Amino acid sequence: MSKNLVIVESPAKAKTIEKFLGKDYKVVSSNGHIVDLPSKELGIDVDNNYEPKYIVNSDKKEIVRKLKKDSKSAEMVWLASDEDREGEAIAWHLYELLGLNKSNTRRIVFREITKNAVLNSIENPREINESLVDAQQARRVLDRLVGYKISPVLWRKVKGGLSAGRVQSVALRLIADKEKEIENFKPEKSFKVSAEFISVGGKIFKAKHKSKLEENIDLDKLTAALKKSKFKVIDIRKTPLTRKPSPPFTTSTLQQEASKRLGFAVSKTMRTAQRLYEDGHITYMRTDSVKLSNDAQNAVKSTILNQFGENYYSERFYQNKSKNAQQAHEAVRPTNFKNKNVSIDLDQIKLYDLIWKRTIASQMSNAKIDKTVVSIETSDIDMPFLAEGEVINFDGFLKVYNDMDVEPNDNTSDNNLPKLKLGDNINKKVILISESFSRPPFRFTEATLVKKMEELGIGRPSTYAPTITTVINRKYIFKGTNDAKKRDILQILINDKIEKNRIEESYDSNKGKLVPSEVGKLVNEFLCNNFKNIIDYNFTADVENNFDLIASGKKQWKEIINDFYNPFNDKVSEVEKN
């Protein structure tokens, strides 16, 4: 018999924590929530102030039996579920269902699974935060009411077996609306002009005409003028630039960067981060805070000074832009900065490396860059060219982490400019005129959808991944597999002669992008026509804000549900009749 029983959420977490505690502690897992609303009924007594009906599912009965037995024989029970709304609700359900007493029950939390953090939490226990529990209950109850009331309407009016969810339906709307924009898009044709020039010293460099040329331009006249033109450097502007590092990772920025750099799906990022957290390598991975603790700041400083030197260190304190960010939390960061690498599986190694570099870079010096823009005059036609190049004078944080887009875009330049002087007469190597078509809006990837949801205030760190997984599993959206379409475009090469070619261009690939299915489009159309307020972006963001107010103790959860339910239920009845 152990004097102390510690209950955590997952077996992996239990295994890690057990290493830090002595023989007087037994660490067990609840395997997540031990109770939930019933799956085959509404489970909410709308006539009794929205009282939820929680049940122990069959797969949890044996776990609950063991937990009751262990808790009865322990002198002290420590509820150590995660420090967020879901974790607080788990602690509360354990307290209620196991029949625990305040006298020998303690609630403890830690944001990282390290020996110091775990021991410190035991020295500083607190009571269960009922406001956080209420916020979780409000979300669960509201989502159940929406899903359980609207889904049967979908079965009758659209197709059997369909279902609707509050946040999932908004995510579907974002994707379906984007697809409509793409379907309605009419490409416009224009021409782009780029060139390779040869400097006085014989070096080749690139330049381009900044403006696109309209479709009806006289190409023969243009090419003839460019062929016989002389080119001269008429302006050289050097601008010193500084670039600052990005803040440490939040849940959403981690999901976005892991998608962009590692090709991870959002759900894969969260699974991998969960394992890193449970093994004690990173802090809690569900957070919207960019702050670092004082201890973390000092550890990062020490790492930078030791590995890169004083010139590379710059102390920074980051603040969240969102007023609803949970400032008590920390950003996602390593627990031990001396561990530059972790030897686990490949996915964890890659994700940990990303987290380590981003956190270290966040406290490093600015990069100092000289940007040079060279203006080139064309003698026989009003078509100036610009050549742009960047020289990094001091790499600063770029030594560790380059937070520019991984794929180059029109705003970046890899052009190494040779030495050029005002008045230099330069020779053309080749000028290229390319037919160009305007592009439709980009479809969402998982990462850009998360970014958009965050911008709109839809969902919170714990809900992004499950929301996307749900709409994919319901077959409302799918990841595109279509390779790009092909079309011929005109290219004109101008050097000593003029050469016209037609080359094949790829366009409009949906590979890896989120695309609404036909059923998804139907469901979205029906919800937009009949339940517009439910899938309105502002309404959904306001609901999230109300959950935050409940969590901070400023609003009562049942009042929020009541304000929502009565007009909503009337609308459901109206749609059913009509």
# chains A, B, ... in the order shown; residues from 1 in each chain; ligands from 1
>>> residues_around(residues="A:Asp380", least_positions_apart="5", cutoff="10 Å", atoms="only C-alpha atoms", output="list in words")
Leu222, Ala224, Ala225, Leu226, Lys227, Lys228, Ser229, Lys230 and Phe231 of chain A
>>> select_by_dssp(residues="stretch 124-289 of chain A", states="helix (DSSP H, G or I)", output="NGL selection string")
:A and (130-157 or 166-183 or 219-228 or 251-262 or 266-278)
>>> write_last_selection(atoms="C-alpha atoms", output="PDB file, in the first residue's frame")
ATOM      1  CA  GLU A 130     -14.249  25.252 -10.635  1.00  0.00           C
ATOM      2  CA  SER A 131     -14.330  28.167 -13.099  1.00  0.00           C
ATOM      3  CA  LEU A 132     -12.095  26.170 -15.467  1.00  0.00           C
ATOM      4  CA  VAL A 133     -14.334  23.138 -14.961  1.00  0.00           C
ATOM      5  CA  ASP A 134     -17.411  25.254 -15.760  1.00  0.00           C
ATOM      6  CA  ALA A 135     -15.760  26.551 -18.959  1.00  0.00           C
ATOM      7  CA  GLN A 136     -15.118  22.972 -20.089  1.00  0.00           C
ATOM      8  CA  GLN A 137     -18.687  21.965 -19.216  1.00  0.00           C
ATOM      9  CA  ALA A 138     -20.059  24.965 -21.119  1.00  0.00           C
ATOM     10  CA  ARG A 139     -18.125  23.973 -24.255  1.00  0.00           C
ATOM     11  CA  ARG A 140     -19.152  20.322 -23.967  1.00  0.00           C
ATOM     12  CA  VAL A 141     -22.826  21.116 -23.328  1.00  0.00           C
ATOM     13  CA  LEU A 142     -23.082  23.771 -26.033  1.00  0.00           C
ATOM     14  CA  ASP A 143     -21.401  21.522 -28.601  1.00  0.00           C
ATOM     15  CA  ARG A 144     -23.706  18.634 -27.668  1.00  0.00           C
ATOM     16  CA  LEU A 145     -26.809  20.826 -27.997  1.00  0.00           C
ATOM     17  CA  VAL A 146     -25.738  22.072 -31.437  1.00  0.00           C
ATOM     18  CA  GLY A 147     -24.744  18.631 -32.722  1.00  0.00           C
ATOM     19  CA  TYR A 148     -27.701  16.748 -31.276  1.00  0.00           C
ATOM     20  CA  LYS A 149     -30.313  19.262 -32.427  1.00  0.00           C
ATOM     21  CA  ILE A 150     -29.031  20.067 -35.933  1.00  0.00           C
ATOM     22  CA  SER A 151     -27.909  16.569 -36.989  1.00  0.00           C
ATOM     23  CA  PRO A 152     -31.439  15.058 -37.172  1.00  0.00           C
ATOM     24  CA  VAL A 153     -32.500  18.036 -39.317  1.00  0.00           C
ATOM     25  CA  LEU A 154     -29.624  17.232 -41.692  1.00  0.00           C
ATOM     26  CA  TRP A 155     -30.774  13.586 -41.869  1.00  0.00           C
ATOM     27  CA  ARG A 156     -34.274  14.627 -42.937  1.00  0.00           C
ATOM     28  CA  LYS A 157     -33.432  17.544 -45.191  1.00  0.00           C
ATOM     29  CA  ARG A 166     -20.314  24.073 -33.775  1.00  0.00           C
ATOM     30  CA  VAL A 167     -16.626  24.702 -34.559  1.00  0.00           C
ATOM     31  CA  GLN A 168     -16.355  21.968 -37.225  1.00  0.00           C
ATOM     32  CA  SER A 169     -19.157  23.578 -39.243  1.00  0.00           C
ATOM     33  CA  VAL A 170     -17.331  26.915 -39.196  1.00  0.00           C
ATOM     34  CA  ALA A 171     -14.112  25.225 -40.376  1.00  0.00           C
ATOM     35  CA  LEU A 172     -16.118  23.570 -43.171  1.00  0.00           C
ATOM     36  CA  ARG A 173     -17.570  26.957 -44.127  1.00  0.00           C
ATOM     37  CA  LEU A 174     -14.083  28.477 -44.422  1.00  0.00           C
ATOM     38  CA  ILE A 175     -13.024  25.701 -46.796  1.00  0.00           C
ATOM     39  CA  ALA A 176     -16.273  25.691 -48.809  1.00  0.00           C
ATOM     40  CA  ASP A 177     -16.260  29.493 -49.184  1.00  0.00           C
ATOM     41  CA  LYS A 178     -12.664  29.340 -50.405  1.00  0.00           C
ATOM     42  CA  GLU A 179     -13.643  26.711 -52.995  1.00  0.00           C
ATOM     43  CA  LYS A 180     -16.432  28.976 -54.254  1.00  0.00           C
ATOM     44  CA  GLU A 181     -13.926  31.799 -54.725  1.00  0.00           C
ATOM     45  CA  ILE A 182     -11.701  29.447 -56.723  1.00  0.00           C
ATOM     46  CA  GLU A 183     -14.600  28.150 -58.868  1.00  0.00           C
ATOM     47  CA  LEU A 219       4.783  42.117 -78.489  1.00  0.00           C
ATOM     48  CA  ASP A 220       6.555  42.576 -81.828  1.00  0.00           C
ATOM     49  CA  LYS A 221       7.204  46.248 -81.128  1.00  0.00           C
ATOM     50  CA  LEU A 222       8.317  45.442 -77.562  1.00  0.00           C
ATOM     51  CA  THR A 223      10.733  42.669 -78.546  1.00  0.00           C
ATOM     52  CA  ALA A 224      12.264  44.743 -81.331  1.00  0.00           C
ATOM     53  CA  ALA A 225      12.868  47.653 -78.916  1.00  0.00           C
ATOM     54  CA  LEU A 226      14.397  45.406 -76.258  1.00  0.00           C
ATOM     55  CA  LYS A 227      16.636  43.680 -78.817  1.00  0.00           C
ATOM     56  CA  LYS A 228      18.319  46.888 -79.949  1.00  0.00           C
ATOM     57  CA  THR A 251       0.300  25.533 -30.251  1.00  0.00           C
ATOM     58  CA  SER A 252      -0.844  27.100 -33.517  1.00  0.00           C
ATOM     59  CA  THR A 253       2.548  28.440 -34.632  1.00  0.00           C
ATOM     60  CA  LEU A 254       4.116  25.052 -33.858  1.00  0.00           C
ATOM     61  CA  GLN A 255       1.461  23.364 -36.005  1.00  0.00           C
ATOM     62  CA  GLN A 256       2.050  25.850 -38.834  1.00  0.00           C
ATOM     63  CA  GLU A 257       5.849  25.569 -38.833  1.00  0.00           C
ATOM     64  CA  ALA A 258       5.822  21.764 -38.490  1.00  0.00           C
ATOM     65  CA  SER A 259       3.517  21.614 -41.504  1.00  0.00           C
ATOM     66  CA  LYS A 260       5.622  24.011 -43.569  1.00  0.00           C
ATOM     67  CA  ARG A 261       9.066  22.668 -42.667  1.00  0.00           C
ATOM     68  CA  LEU A 262       8.465  19.020 -41.796  1.00  0.00           C
ATOM     69  CA  VAL A 266      -1.680  19.031 -37.526  1.00  0.00           C
ATOM     70  CA  SER A 267      -2.786  15.836 -35.748  1.00  0.00           C
ATOM     71  CA  LYS A 268       0.678  14.301 -36.238  1.00  0.00           C
ATOM     72  CA  THR A 269       2.331  17.388 -34.743  1.00  0.00           C
ATOM     73  CA  MET A 270       0.125  17.139 -31.659  1.00  0.00           C
ATOM     74  CA  ARG A 271       0.695  13.394 -31.236  1.00  0.00           C
ATOM     75  CA  THR A 272       4.451  13.862 -31.524  1.00  0.00           C
ATOM     76  CA  ALA A 273       4.470  16.849 -29.167  1.00  0.00           C
ATOM     77  CA  GLN A 274       2.361  14.893 -26.662  1.00  0.00           C
ATOM     78  CA  ARG A 275       4.985  12.157 -26.562  1.00  0.00           C
ATOM     79  CA  LEU A 276       7.806  14.691 -26.151  1.00  0.00           C
ATOM     80  CA  TYR A 277       5.877  16.290 -23.282  1.00  0.00           C
ATOM     81  CA  GLU A 278       5.077  13.009 -21.550  1.00  0.00           C
TER      82      GLU A 278
END
>>> select_by_dssp(residues="stretch 223-373 of chain A", states="strand (DSSP E or B)", output="JSON, numbers by chain")
{"A": [231, 232, 233, 234, 235, 236, 237, 238, 239, 240, 241, 242, 243, 249, 282, 283, 313, 332, 334, 364, 367, 368, 369, 370, 371, 372, 373]}
>>> closest_residue(among="A:Ser211, A:Ser73, A:Ser103, A:Asn510", to="A:Asp382", atoms="only C-alpha atoms")
A:Ser211
>>> closest_residue(among="A:Asn336, A:Ser194, A:Asn57, A:Thr239", to="A:Val391", atoms="only C-alpha atoms")
A:Thr239
>>> atom_distance(atom1="atom CA of A:Ile234", atom2="atom CA of A:Lys421")
8.7 Å
>>> closest_residue(among="A:Ala387, A:Ile534, A:Leu549, A:Val28", to="A:Val572", atoms="only C-alpha atoms")
A:Ile534
>>> closest_atom_pairs(of="stretch 435-459 of chain A", to="stretch 279-300 of chain A", cutoff="12 Å", atoms="only C-alpha atoms", output="CSV")
residue,atom,partner,partner_atom,distance
A:Glu454,CA,A:Asp288,CA,9.8
A:Gly457,CA,A:Asp288,CA,11.7
A:Gly459,CA,A:Asp288,CA,11.3
>>> write_last_selection(atoms="all heavy atoms", output="mmCIF file, in the first residue's frame")
data_model
loop_
_atom_site.group_PDB
_atom_site.id
_atom_site.type_symbol
_atom_site.label_atom_id
_atom_site.label_comp_id
_atom_site.auth_asym_id
_atom_site.auth_seq_id
_atom_site.Cartn_x
_atom_site.Cartn_y
_atom_site.Cartn_z
ATOM 1 N N GLU A 454 -7.322 30.870 -35.889
ATOM 2 C CA GLU A 454 -6.761 31.643 -34.778
ATOM 3 C C GLU A 454 -7.004 33.140 -34.995
ATOM 4 O O GLU A 454 -7.371 33.858 -34.068
ATOM 5 C CB GLU A 454 -5.264 31.362 -34.644
ATOM 6 C CG GLU A 454 -4.649 32.021 -33.420
ATOM 7 C CD GLU A 454 -3.172 31.724 -33.279
ATOM 8 O OE1 GLU A 454 -2.470 31.667 -34.301
ATOM 9 O OE2 GLU A 454 -2.715 31.547 -32.143
ATOM 10 N N GLY A 457 -10.433 34.021 -34.122
ATOM 11 C CA GLY A 457 -10.822 33.725 -32.738
ATOM 12 C C GLY A 457 -11.702 32.504 -32.615
ATOM 13 O O GLY A 457 -12.489 32.370 -31.669
ATOM 14 N N GLY A 459 -12.084 28.630 -31.949
ATOM 15 C CA GLY A 459 -11.353 27.528 -31.348
ATOM 16 C C GLY A 459 -10.239 28.027 -30.448
ATOM 17 O O GLY A 459 -9.978 29.223 -30.330
#
>>> residues_around(residues="A:Thr445", least_positions_apart="4", cutoff="7 Å", atoms="only C-alpha atoms", output="ChimeraX atom specification")
/A:449,512-514
>>> residues_around(residues="A:Ser10", least_positions_apart="4", cutoff="8 Å", atoms="only C-alpha atoms", output="PDB file with C-alpha atoms, in the first residue's frame")
ATOM      1  CA  ALA A  14       2.659   8.131 -15.223  1.00  0.00           C
ATOM      2  CA  SER A  29      -3.413   6.836 -15.107  1.00  0.00           C
ATOM      3  CA  SER A  30      -7.079   7.620 -15.743  1.00  0.00           C
ATOM      4  CA  ASN A  31      -6.564   7.267 -19.512  1.00  0.00           C
ATOM      5  CA  GLY A  32      -8.164  10.640 -20.163  1.00  0.00           C
TER       6      GLY A  32
END
>>> atom_distance(atom1="atom CA of A:Lys60", atom2="atom CA of A:Lys13")
18.3 Å
